>>> print(open('protein.cif').read())   # mmCIF, C-alpha atoms and all ligand atoms
data_protein
loop_
_atom_site.label_atom_id
_atom_site.label_comp_id
_atom_site.auth_asym_id
_atom_site.auth_seq_id
_atom_site.Cartn_x
_atom_site.Cartn_y
_atom_site.Cartn_z
CA MET E 1 228.11 92.31 94.76
CA ALA E 2 231.04 94.13 93.18
CA GLU E 3 234.55 93.33 94.35
CA LYS E 4 235.64 95.08 97.52
CA ILE E 5 238.00 98.05 97.53
CA ARG E 6 241.18 96.88 99.25
CA VAL E 7 242.37 99.66 101.55
CA THR E 8 245.74 99.75 103.34
CA VAL E 9 246.32 102.38 106.04
CA TRP E 10 249.94 103.17 106.90
CA SER E 11 251.27 105.24 109.79
CA GLU E 12 254.47 105.74 111.74
CA TYR E 13 252.79 104.78 115.04
CA ILE E 14 255.23 106.68 117.24
CA LEU E 15 253.52 109.63 118.93
CA GLU E 16 250.62 107.52 120.19
CA LYS E 17 253.12 105.42 122.16
CA GLU E 18 255.13 108.39 123.45
CA TYR E 19 252.41 110.77 124.58
CA GLU E 20 249.51 109.91 126.86
CA HIS E 21 247.28 112.72 125.60
CA ILE E 22 247.58 111.36 122.05
CA ALA E 23 247.10 107.74 123.17
CA ALA E 24 243.94 108.89 124.96
CA ILE E 25 242.50 109.95 121.59
CA TYR E 26 243.93 107.12 119.47
CA PRO E 27 244.53 104.21 121.88
CA LYS E 28 245.13 101.65 119.11
CA GLY E 29 247.11 104.11 117.00
CA ILE E 30 245.87 106.55 114.40
CA HIS E 31 246.19 103.91 111.65
CA GLU E 32 243.65 101.69 113.41
CA ALA E 33 241.29 104.62 113.98
CA ILE E 34 241.47 105.48 110.28
CA ALA E 35 241.02 101.82 109.32
CA ASP E 36 237.87 101.73 111.49
CA ILE E 37 236.31 104.36 109.20
CA TYR E 38 236.36 101.79 106.39
CA ARG E 39 235.37 98.87 108.61
CA GLU E 40 231.96 100.55 108.91
CA GLU E 41 231.17 99.74 105.28
CA ALA E 42 230.95 96.32 103.65
CA GLU E 43 232.38 97.62 100.39
CA PHE E 44 235.89 97.98 101.87
CA GLU E 45 238.46 95.37 102.87
CA VAL E 46 240.89 97.02 105.25
CA ARG E 47 244.31 96.46 106.74
CA ALA E 48 246.40 98.76 108.93
CA VAL E 49 250.20 98.63 108.90
CA THR E 50 253.02 100.60 110.51
CA LEU E 51 256.63 101.60 110.06
CA GLN E 52 257.73 99.01 112.65
CA MET E 53 256.47 96.01 110.68
CA PRO E 54 258.67 93.97 108.32
CA GLU E 55 259.55 95.95 105.19
CA GLN E 56 258.17 99.00 107.01
CA GLY E 57 254.67 97.57 106.65
CA LEU E 58 254.59 97.67 102.88
CA SER E 59 255.95 94.54 101.27
CA GLN E 60 255.52 94.14 97.54
CA GLU E 61 252.85 91.56 98.28
CA ILE E 62 250.80 93.90 100.46
CA LEU E 63 251.13 96.74 97.96
CA SER E 64 250.11 94.54 95.05
CA GLN E 65 246.96 93.66 97.02
CA THR E 66 246.16 97.32 97.73
CA ASP E 67 243.71 99.36 95.67
CA VAL E 68 244.05 102.52 97.76
CA LEU E 69 246.89 103.35 100.18
CA LEU E 70 246.43 105.93 102.94
CA TRP E 71 249.63 107.54 104.20
CA TYR E 72 249.91 109.21 107.61
CA GLY E 73 253.49 110.31 108.31
CA HIS E 74 254.68 112.99 110.68
CA MET E 75 257.86 112.75 112.79
CA VAL E 76 260.19 110.42 110.92
CA HIS E 77 259.64 110.96 107.20
CA GLU E 78 263.36 110.38 106.62
CA GLN E 79 263.24 106.87 108.10
CA VAL E 80 261.07 105.63 105.28
CA GLU E 81 263.37 103.71 102.97
CA ASP E 82 263.75 104.95 99.43
CA GLU E 83 263.01 101.47 98.15
CA ILE E 84 259.57 101.54 99.80
CA VAL E 85 258.87 104.99 98.35
CA GLU E 86 259.82 103.71 94.88
CA ARG E 87 257.52 100.74 95.32
CA ILE E 88 254.62 103.04 96.20
CA LYS E 89 255.35 105.32 93.26
CA LYS E 90 255.40 102.39 90.85
CA ARG E 91 252.08 101.09 92.19
CA VAL E 92 250.52 104.57 91.80
CA TRP E 93 251.70 104.67 88.20
CA GLU E 94 250.06 101.26 87.73
CA GLY E 95 246.76 102.61 89.08
CA MET E 96 246.79 102.32 92.89
CA GLY E 97 245.01 105.24 94.58
CA LEU E 98 246.88 107.25 97.23
CA LEU E 99 245.52 109.46 100.02
CA LEU E 100 248.14 111.69 101.60
CA LEU E 101 246.94 112.86 104.99
CA HIS E 102 247.81 115.99 106.98
CA SER E 103 251.56 116.11 107.78
CA SER E 104 252.24 113.61 105.00
CA ALA E 105 252.57 116.70 102.79
CA GLN E 106 256.18 116.84 103.94
CA SER E 107 256.86 113.13 103.42
CA LYS E 108 259.19 111.50 100.93
CA VAL E 109 256.19 109.84 99.32
CA PHE E 110 254.57 113.22 98.64
CA ASP E 111 257.81 114.68 97.32
CA ARG E 112 258.63 111.70 95.08
CA ILE E 113 255.15 111.38 93.59
CA LEU E 114 254.04 115.02 93.37
CA GLY E 115 257.45 116.63 92.99
CA THR E 116 257.38 119.40 95.62
CA THR E 117 258.26 119.80 99.30
CA GLY E 118 254.70 120.28 100.59
CA GLU E 119 255.98 122.94 103.00
CA VAL E 120 253.39 125.06 104.80
CA ARG E 121 253.19 127.72 107.46
CA TRP E 122 251.81 126.14 110.61
CA ARG E 123 250.60 126.96 114.11
CA GLU E 124 249.44 124.64 116.85
CA ILE E 125 247.01 126.40 119.20
CA GLY E 126 243.84 124.35 118.65
CA GLU E 127 241.99 127.01 116.67
CA LYS E 128 238.83 126.41 114.63
CA GLU E 129 239.17 125.24 111.03
CA ARG E 130 236.31 125.83 108.59
CA VAL E 131 236.46 123.53 105.58
CA TRP E 132 234.72 124.97 102.51
CA VAL E 133 233.54 122.83 99.60
CA ILE E 134 234.94 124.38 96.42
CA ASP E 135 233.96 121.80 93.81
CA ARG E 136 230.35 120.99 94.66
CA SER E 137 229.87 118.28 92.02
CA HIS E 138 233.04 116.38 92.93
CA PRO E 139 232.61 112.75 94.10
CA ILE E 140 234.68 113.51 97.22
CA VAL E 141 232.11 116.02 98.56
CA GLN E 142 229.02 113.84 98.19
CA GLY E 143 226.81 114.06 101.29
CA LEU E 144 228.58 117.07 102.77
CA PRO E 145 227.18 120.48 103.62
CA MET E 146 228.52 123.64 101.91
CA TYR E 147 231.08 123.92 104.70
CA PHE E 148 231.81 122.28 108.02
CA ASP E 149 233.82 123.28 111.09
CA ILE E 150 236.49 121.35 112.95
CA PRO E 151 236.35 122.81 116.48
CA HIS E 152 240.07 122.37 117.23
CA SER E 153 242.69 121.93 114.55
CA GLU E 154 246.31 122.59 113.76
CA MET E 155 246.69 125.49 111.33
CA TYR E 156 248.35 124.63 108.04
CA GLY E 157 248.47 127.80 105.94
CA GLU E 158 249.40 129.13 102.54
CA PRO E 159 251.70 129.43 100.83
CA PHE E 160 251.50 125.66 100.47
CA GLU E 161 254.30 124.29 98.33
CA ILE E 162 252.32 121.95 96.06
CA PRO E 163 251.80 121.54 92.34
CA ALA E 164 248.67 123.42 91.23
CA PRO E 165 245.85 120.96 91.98
CA GLU E 166 244.12 119.46 88.96
CA GLU E 167 240.92 119.60 91.00
CA LEU E 168 240.67 121.81 94.08
CA VAL E 169 238.00 120.25 96.27
CA PHE E 170 238.36 122.08 99.61
CA ILE E 171 239.78 125.30 100.96
CA SER E 172 240.16 125.67 104.73
CA TRP E 173 239.90 128.91 106.67
CA PHE E 174 241.34 129.15 110.17
CA ALA E 175 240.16 131.32 113.05
CA GLY E 176 243.59 132.98 113.14
CA GLY E 177 243.10 134.31 109.61
CA ASP E 178 245.00 131.83 107.43
CA VAL E 179 243.76 129.74 104.51
CA LEU E 180 244.88 126.46 102.92
CA ARG E 181 244.10 124.50 99.78
CA SER E 182 243.15 121.53 101.96
CA GLY E 183 241.65 119.08 99.44
CA CYS E 184 243.65 118.61 96.24
CA CYS E 185 243.36 115.98 93.49
CA TYR E 186 246.05 114.82 91.10
CA HIS E 187 246.61 112.07 88.55
CA ARG E 188 249.98 110.37 88.27
CA GLY E 189 250.25 107.65 85.64
CA ALA E 190 247.10 105.55 85.98
CA GLY E 191 246.74 106.43 89.67
CA LYS E 192 244.72 109.07 91.48
CA VAL E 193 246.17 111.02 94.40
CA PHE E 194 244.26 113.08 96.97
CA TYR E 195 245.83 115.32 99.60
CA PHE E 196 243.61 116.09 102.61
CA GLY E 197 244.80 118.63 105.18
CA PRO E 198 242.86 117.98 108.43
CA GLY E 199 244.06 115.23 110.79
CA HIS E 200 246.35 116.53 113.53
CA GLU E 201 246.83 113.68 116.02
CA GLU E 202 246.18 115.78 119.17
CA TYR E 203 242.53 116.33 118.30
CA PRO E 204 239.83 113.71 117.61
CA ILE E 205 239.45 114.82 113.98
CA TYR E 206 239.15 111.35 112.44
CA TYR E 207 236.05 110.66 114.57
CA GLN E 208 234.14 113.63 113.14
CA LYS E 209 231.33 112.57 110.83
CA GLU E 210 232.10 114.97 107.97
CA ILE E 211 235.75 113.91 107.99
CA ARG E 212 234.72 110.23 107.85
CA GLN E 213 232.46 111.03 104.91
CA VAL E 214 235.32 112.73 103.06
CA MET E 215 237.66 109.79 103.77
CA LYS E 216 235.18 107.24 102.44
CA ASN E 217 234.34 109.33 99.38
CA ALA E 218 238.02 109.91 98.65
CA VAL E 219 238.85 106.20 98.68
CA ARG E 220 235.91 105.46 96.39
CA TRP E 221 237.16 108.21 94.04
CA ALA E 222 240.78 107.01 94.14
CA ALA E 223 240.04 103.31 93.67
CA PRO E 224 241.32 102.06 90.33
CA GLY E 225 238.76 101.66 87.56
CA ARG E 226 239.03 99.02 84.87
CA GLY E 227 241.09 101.46 82.81
CA VAL E 228 242.60 100.99 79.38
CA GLN E 229 245.70 99.01 78.44
CA VAL E 230 248.22 101.28 76.79
CA SER E 231 251.65 100.97 75.26
CA PHE E 232 254.49 103.45 75.07
CA GLY E 233 257.50 103.93 72.83
CA LYS E 234 258.23 103.53 69.14
CA THR E 235 255.17 102.62 67.16
CA ASP E 236 254.21 101.96 63.56
CA ALA E 237 251.76 104.24 61.74
CA LEU E 238 248.16 103.08 62.12
CA GLU E 239 247.23 104.30 58.63
CA GLU E 240 249.05 104.14 55.34
CA VAL E 241 251.08 107.27 55.27
CA GLU E 242 253.66 108.59 52.86
CA ILE E 243 257.10 108.52 54.39
CA PHE E 244 258.47 112.03 53.95
CA SER E 245 261.49 111.63 56.14
CA PRO E 246 262.71 108.11 56.91
CA ARG E 247 264.51 107.75 60.18
CA LYS E 248 268.22 108.29 59.61
CA ASN E 249 269.61 108.33 63.07
CA SER E 250 270.00 105.65 65.65
CA TYR E 251 270.43 107.70 68.79
CA ARG E 252 267.27 106.49 70.40
ZN ZN P 301 249.88 117.93 112.89
#
>>> encode(input="protein.cif", output="structure tokens", more="lines below")
Ligand code: ZN
Amino acid sequence: MAEKIRVTVWSEYILEKEYEHIAAIYPKGIHEAIADIYREEAEFEVRAVTLQMPEQGLSQEILSQTDVLLWYGHMVHEQVEDEIVERIKKRVWEGMGLLLLHSSAQSKVFDRILGTTGEVRWREIGEKERVWVIDRSHPIVQGLPMYFDIPHSEMYGEPFEIPAPEELVFISWFAGGDVLRSGCCYHRGAGKVFYFGPGHEEYPIYYQKEIRQVMKNAVRWAAPGRGVQVSFGKTDALEEVEIFSPRKNSYR
């Protein structure tokens, strides 16, 4: 059997301890509920970590043993140390996959890796969200219907302050009339990054079967391939070539 995909799920783990109605949905914390999605399949090796753990859950050792990192941040984005964010960015450049979930759009990790604020318009009244598949041949939509509904969701609406997605996989429509680019793919260095909008902690969204399918597909998509070794910087010509203009300066 092929090597397992090593998945690390990170969350703040704060609201589940503060609010009973959230703990009722995610009694072990949202990170453990997300990790359970991957524990259903033998192809994944999973660990769940939180902000309260040593090195905020993401030591260099843990990150170097991670093929795909899932990030669920919400209330305390600013508490995440810059050094940890830099570590994550470097691992993405090296090829680690990254799934940015729901309110993680406003996190430091999102900002540092994708370069924008991830701001949205939002509304929290438990309205219906309809998730439409936009890219029907994309690996992340395998096994899904043309659209699916989340009965109760938090509205995240456009304008959504993100870089134009390289691949737009989902658009969500909300009962209140708003829309969101809710499934967006990017490449950064050798790494693949997927933003997925649904996931508000007050509703049991991560237990829904279509959501679980998306989450599994997205990790499979984001897992590093064998890739190609590359080099950067000054390089000699590969072919014999007449030197028209020898380098005269030394400023670089
Ligand atoms: Zn939310």
>>> residues_near_ligand(input="protein.cif", ligand="ligand ZN 301 (chain P)", cutoff="9 Å", atoms="all atoms listed in the file", output="list in words")
His74, His102, Ser103, Trp122, Glu124, Ser153, Glu154, Met155, Tyr156, Pro198, Gly199, His200, Glu201 and Glu202 of chain E
>>> closest_residue(input="protein.cif", among="E:Gly73, E:Pro139, E:Val7, E:Tyr203", to="Ile37 of chain E", atoms="only C-alpha atoms")
E:Val7
>>> atom_distance(input="protein.cif", atom1="atom CA of Leu144 of chain E", atom2="atom CA of Thr8 of chain E")
24.4 Å
>>> atom_distance(input="protein.cif", atom1="atom CA of Arg121 of chain E", atom2="atom CA of Gly157 of chain E")
5.0 Å
>>> residues_near_point(input="protein.cif", point="(235.9, 124.0, 93.9)", cutoff="8 Å", atoms="all atoms listed in the file", output="short mmCIF file (atom, residue, chain, number, x, y, z; two decimals) with C-alpha atoms, in the coordinates of the input")
data_model
loop_
_atom_site.label_atom_id
_atom_site.label_comp_id
_atom_site.auth_asym_id
_atom_site.auth_seq_id
_atom_site.Cartn_x
_atom_site.Cartn_y
_atom_site.Cartn_z
CA VAL E 133 233.54 122.83 99.60
CA ILE E 134 234.94 124.38 96.42
CA ASP E 135 233.96 121.80 93.81
CA ARG E 136 230.35 120.99 94.66
CA GLU E 167 240.92 119.60 91.00
CA LEU E 168 240.67 121.81 94.08
CA VAL E 169 238.00 120.25 96.27
CA PHE E 170 238.36 122.08 99.61
#
>>> atom_distance(input="protein.cif", atom1="atom CA of Tyr72 of chain E", atom2="atom CA of Gly183 of chain E")
15.2 Å
>>> closest_residue(input="protein.cif", among="E:Glu12, E:Glu210, E:Glu127, E:Asp67", to="Leu51 of chain E", atoms="only C-alpha atoms")
E:Glu12
>>> closest_residue(input="protein.cif", among="E:His31, E:Lys128, E:Arg226, E:Arg188", to="Ile88 of chain E", atoms="all atoms listed in the file")
E:Arg188
>>> residues_near_point(input="protein.cif", point="(259.9, 106.3, 105.8)", cutoff="9 Å", atoms="all atoms listed in the file", output="MDAnalysis selection string")
chainID E and resid 12 51 56 73 76:82 84:85 107:109
>>> decode(input="protein.cif", residues="segment 113-128 of chain E", atoms="all heavy atoms", output="PDB file, in the first residue's frame")
ATOM      1  N   ILE E 113       0.298  33.940   3.604  1.00  0.00           N
ATOM      2  CA  ILE E 113       0.529  33.014   2.492  1.00  0.00           C
ATOM      3  C   ILE E 113      -0.185  33.468   1.221  1.00  0.00           C
ATOM      4  O   ILE E 113       0.355  33.346   0.126  1.00  0.00           O
ATOM      5  CB  ILE E 113       0.144  31.575   2.899  1.00  0.00           C
ATOM      6  CG1 ILE E 113       1.134  31.106   3.977  1.00  0.00           C
ATOM      7  CG2 ILE E 113       0.148  30.624   1.705  1.00  0.00           C
ATOM      8  CD1 ILE E 113       0.842  29.786   4.595  1.00  0.00           C
ATOM      9  N   LEU E 114      -1.394  34.024   1.357  1.00  0.00           N
ATOM     10  CA  LEU E 114      -2.125  34.427   0.153  1.00  0.00           C
ATOM     11  C   LEU E 114      -2.065  35.926  -0.109  1.00  0.00           C
ATOM     12  O   LEU E 114      -2.357  36.384  -1.213  1.00  0.00           O
ATOM     13  CB  LEU E 114      -3.583  33.949   0.234  1.00  0.00           C
ATOM     14  CG  LEU E 114      -3.740  32.421   0.213  1.00  0.00           C
ATOM     15  CD1 LEU E 114      -5.204  32.032   0.329  1.00  0.00           C
ATOM     16  CD2 LEU E 114      -3.132  31.803  -1.042  1.00  0.00           C
ATOM     17  N   GLY E 115      -1.709  36.714   0.901  1.00  0.00           N
ATOM     18  CA  GLY E 115      -1.410  38.119   0.657  1.00  0.00           C
ATOM     19  C   GLY E 115      -2.568  39.095   0.723  1.00  0.00           C
ATOM     20  O   GLY E 115      -2.424  40.242   0.326  1.00  0.00           O
ATOM     21  N   THR E 116      -3.736  38.649   1.217  1.00  0.00           N
ATOM     22  CA  THR E 116      -4.867  39.567   1.365  1.00  0.00           C
ATOM     23  C   THR E 116      -5.526  39.366   2.733  1.00  0.00           C
ATOM     24  O   THR E 116      -5.226  38.404   3.436  1.00  0.00           O
ATOM     25  CB  THR E 116      -5.943  39.340   0.284  1.00  0.00           C
ATOM     26  OG1 THR E 116      -6.450  38.015   0.416  1.00  0.00           O
ATOM     27  CG2 THR E 116      -5.384  39.534  -1.113  1.00  0.00           C
ATOM     28  N   THR E 117      -6.472  40.246   3.064  1.00  0.00           N
ATOM     29  CA  THR E 117      -7.080  40.199   4.406  1.00  0.00           C
ATOM     30  C   THR E 117      -8.116  39.092   4.568  1.00  0.00           C
ATOM     31  O   THR E 117      -8.431  38.692   5.681  1.00  0.00           O
ATOM     32  CB  THR E 117      -7.805  41.518   4.710  1.00  0.00           C
ATOM     33  OG1 THR E 117      -8.853  41.692   3.736  1.00  0.00           O
ATOM     34  CG2 THR E 117      -6.853  42.699   4.652  1.00  0.00           C
ATOM     35  N   GLY E 118      -8.696  38.620   3.472  1.00  0.00           N
ATOM     36  CA  GLY E 118      -9.764  37.620   3.581  1.00  0.00           C
ATOM     37  C   GLY E 118     -11.047  38.162   4.192  1.00  0.00           C
ATOM     38  O   GLY E 118     -11.903  37.400   4.642  1.00  0.00           O
ATOM     39  N   GLU E 119     -11.200  39.485   4.204  1.00  0.00           N
ATOM     40  CA  GLU E 119     -12.422  40.073   4.778  1.00  0.00           C
ATOM     41  C   GLU E 119     -13.652  39.677   3.951  1.00  0.00           C
ATOM     42  O   GLU E 119     -13.565  39.521   2.725  1.00  0.00           O
ATOM     43  CB  GLU E 119     -12.330  41.601   4.786  1.00  0.00           C
ATOM     44  CG  GLU E 119     -11.329  42.158   5.770  1.00  0.00           C
ATOM     45  CD  GLU E 119     -11.804  42.070   7.217  1.00  0.00           C
ATOM     46  OE1 GLU E 119     -12.958  41.699   7.443  1.00  0.00           O
ATOM     47  OE2 GLU E 119     -10.986  42.371   8.110  1.00  0.00           O
ATOM     48  N   VAL E 120     -14.764  39.514   4.671  1.00  0.00           N
ATOM     49  CA  VAL E 120     -16.049  39.226   4.020  1.00  0.00           C
ATOM     50  C   VAL E 120     -17.139  40.086   4.644  1.00  0.00           C
ATOM     51  O   VAL E 120     -16.928  40.693   5.686  1.00  0.00           O
ATOM     52  CB  VAL E 120     -16.509  37.759   4.229  1.00  0.00           C
ATOM     53  CG1 VAL E 120     -15.748  36.798   3.375  1.00  0.00           C
ATOM     54  CG2 VAL E 120     -16.467  37.367   5.703  1.00  0.00           C
ATOM     55  N   ARG E 121     -18.317  40.074   4.041  1.00  0.00           N
ATOM     56  CA  ARG E 121     -19.521  40.504   4.754  1.00  0.00           C
ATOM     57  C   ARG E 121     -20.063  39.247   5.416  1.00  0.00           C
ATOM     58  O   ARG E 121     -19.935  38.162   4.860  1.00  0.00           O
ATOM     59  CB  ARG E 121     -20.521  41.107   3.767  1.00  0.00           C
ATOM     60  CG  ARG E 121     -20.013  42.429   3.195  1.00  0.00           C
ATOM     61  CD  ARG E 121     -20.767  42.882   1.966  1.00  0.00           C
ATOM     62  NE  ARG E 121     -22.195  42.904   2.169  1.00  0.00           N
ATOM     63  CZ  ARG E 121     -23.049  41.968   1.751  1.00  0.00           C
ATOM     64  NH1 ARG E 121     -22.618  40.956   1.035  1.00  0.00           N
ATOM     65  NH2 ARG E 121     -24.329  42.067   1.981  1.00  0.00           N
ATOM     66  N   TRP E 122     -20.637  39.386   6.607  1.00  0.00           N
ATOM     67  CA  TRP E 122     -21.129  38.181   7.276  1.00  0.00           C
ATOM     68  C   TRP E 122     -22.409  38.452   8.047  1.00  0.00           C
ATOM     69  O   TRP E 122     -22.722  39.600   8.367  1.00  0.00           O
ATOM     70  CB  TRP E 122     -20.064  37.576   8.185  1.00  0.00           C
ATOM     71  CG  TRP E 122     -19.579  38.462   9.286  1.00  0.00           C
ATOM     72  CD1 TRP E 122     -18.580  39.390   9.188  1.00  0.00           C
ATOM     73  CD2 TRP E 122     -20.048  38.530  10.637  1.00  0.00           C
ATOM     74  NE1 TRP E 122     -18.420  40.019  10.395  1.00  0.00           N
ATOM     75  CE2 TRP E 122     -19.297  39.513  11.306  1.00  0.00           C
ATOM     76  CE3 TRP E 122     -21.038  37.845  11.349  1.00  0.00           C
ATOM     77  CZ2 TRP E 122     -19.506  39.828  12.650  1.00  0.00           C
ATOM     78  CZ3 TRP E 122     -21.253  38.149  12.694  1.00  0.00           C
ATOM     79  CH2 TRP E 122     -20.472  39.137  13.326  1.00  0.00           C
ATOM     80  N   ARG E 123     -23.129  37.368   8.328  1.00  0.00           N
ATOM     81  CA  ARG E 123     -24.406  37.464   9.046  1.00  0.00           C
ATOM     82  C   ARG E 123     -24.630  36.106   9.698  1.00  0.00           C
ATOM     83  O   ARG E 123     -24.414  35.066   9.063  1.00  0.00           O
ATOM     84  CB  ARG E 123     -25.505  37.767   8.022  1.00  0.00           C
ATOM     85  CG  ARG E 123     -26.911  37.793   8.519  1.00  0.00           C
ATOM     86  CD  ARG E 123     -27.859  38.335   7.434  1.00  0.00           C
ATOM     87  NE  ARG E 123     -27.941  37.445   6.283  1.00  0.00           N
ATOM     88  CZ  ARG E 123     -27.646  37.790   5.026  1.00  0.00           C
ATOM     89  NH1 ARG E 123     -27.261  39.010   4.730  1.00  0.00           N
ATOM     90  NH2 ARG E 123     -27.722  36.905   4.045  1.00  0.00           N
ATOM     91  N   GLU E 124     -25.069  36.134  10.944  1.00  0.00           N
ATOM     92  CA  GLU E 124     -25.191  34.886  11.688  1.00  0.00           C
ATOM     93  C   GLU E 124     -26.619  34.687  12.143  1.00  0.00           C
ATOM     94  O   GLU E 124     -26.990  35.020  13.265  1.00  0.00           O
ATOM     95  CB  GLU E 124     -24.244  34.974  12.894  1.00  0.00           C
ATOM     96  CG  GLU E 124     -23.717  33.638  13.345  1.00  0.00           C
ATOM     97  CD  GLU E 124     -22.861  33.806  14.587  1.00  0.00           C
ATOM     98  OE1 GLU E 124     -21.942  34.635  14.563  1.00  0.00           O
ATOM     99  OE2 GLU E 124     -23.145  33.125  15.572  1.00  0.00           O
ATOM    100  N   ILE E 125     -27.456  34.137  11.239  1.00  0.00           N
ATOM    101  CA  ILE E 125     -28.867  33.897  11.593  1.00  0.00           C
ATOM    102  C   ILE E 125     -29.271  32.454  11.279  1.00  0.00           C
ATOM    103  O   ILE E 125     -30.441  32.106  11.327  1.00  0.00           O
ATOM    104  CB  ILE E 125     -29.802  34.883  10.848  1.00  0.00           C
ATOM    105  CG1 ILE E 125     -29.597  34.787   9.326  1.00  0.00           C
ATOM    106  CG2 ILE E 125     -29.579  36.311  11.334  1.00  0.00           C
ATOM    107  CD1 ILE E 125     -30.662  35.527   8.518  1.00  0.00           C
ATOM    108  N   GLY E 126     -28.305  31.618  10.934  1.00  0.00           N
ATOM    109  CA  GLY E 126     -28.605  30.203  10.690  1.00  0.00           C
ATOM    110  C   GLY E 126     -29.382  29.954   9.414  1.00  0.00           C
ATOM    111  O   GLY E 126     -30.176  29.017   9.325  1.00  0.00           O
ATOM    112  N   GLU E 127     -29.124  30.771   8.381  1.00  0.00           N
ATOM    113  CA  GLU E 127     -29.850  30.585   7.117  1.00  0.00           C
ATOM    114  C   GLU E 127     -29.266  29.418   6.299  1.00  0.00           C
ATOM    115  O   GLU E 127     -28.161  28.952   6.561  1.00  0.00           O
ATOM    116  CB  GLU E 127     -29.815  31.872   6.283  1.00  0.00           C
ATOM    117  CG  GLU E 127     -28.447  32.226   5.739  1.00  0.00           C
ATOM    118  CD  GLU E 127     -28.324  33.738   5.478  1.00  0.00           C
ATOM    119  OE1 GLU E 127     -27.946  34.480   6.402  1.00  0.00           O
ATOM    120  OE2 GLU E 127     -28.592  34.146   4.362  1.00  0.00           O
ATOM    121  N   LYS E 128     -30.015  29.008   5.284  1.00  0.00           N
ATOM    122  CA  LYS E 128     -29.561  27.916   4.413  1.00  0.00           C
ATOM    123  C   LYS E 128     -28.434  28.390   3.506  1.00  0.00           C
ATOM    124  O   LYS E 128     -28.467  29.509   2.998  1.00  0.00           O
ATOM    125  CB  LYS E 128     -30.737  27.411   3.573  1.00  0.00           C
ATOM    126  CG  LYS E 128     -30.343  26.283   2.617  1.00  0.00           C
ATOM    127  CD  LYS E 128     -31.556  25.546   2.094  1.00  0.00           C
ATOM    128  CE  LYS E 128     -32.195  26.282   0.924  1.00  0.00           C
ATOM    129  NZ  LYS E 128     -33.367  25.548   0.398  1.00  0.00           N
TER     130      LYS E 128
END
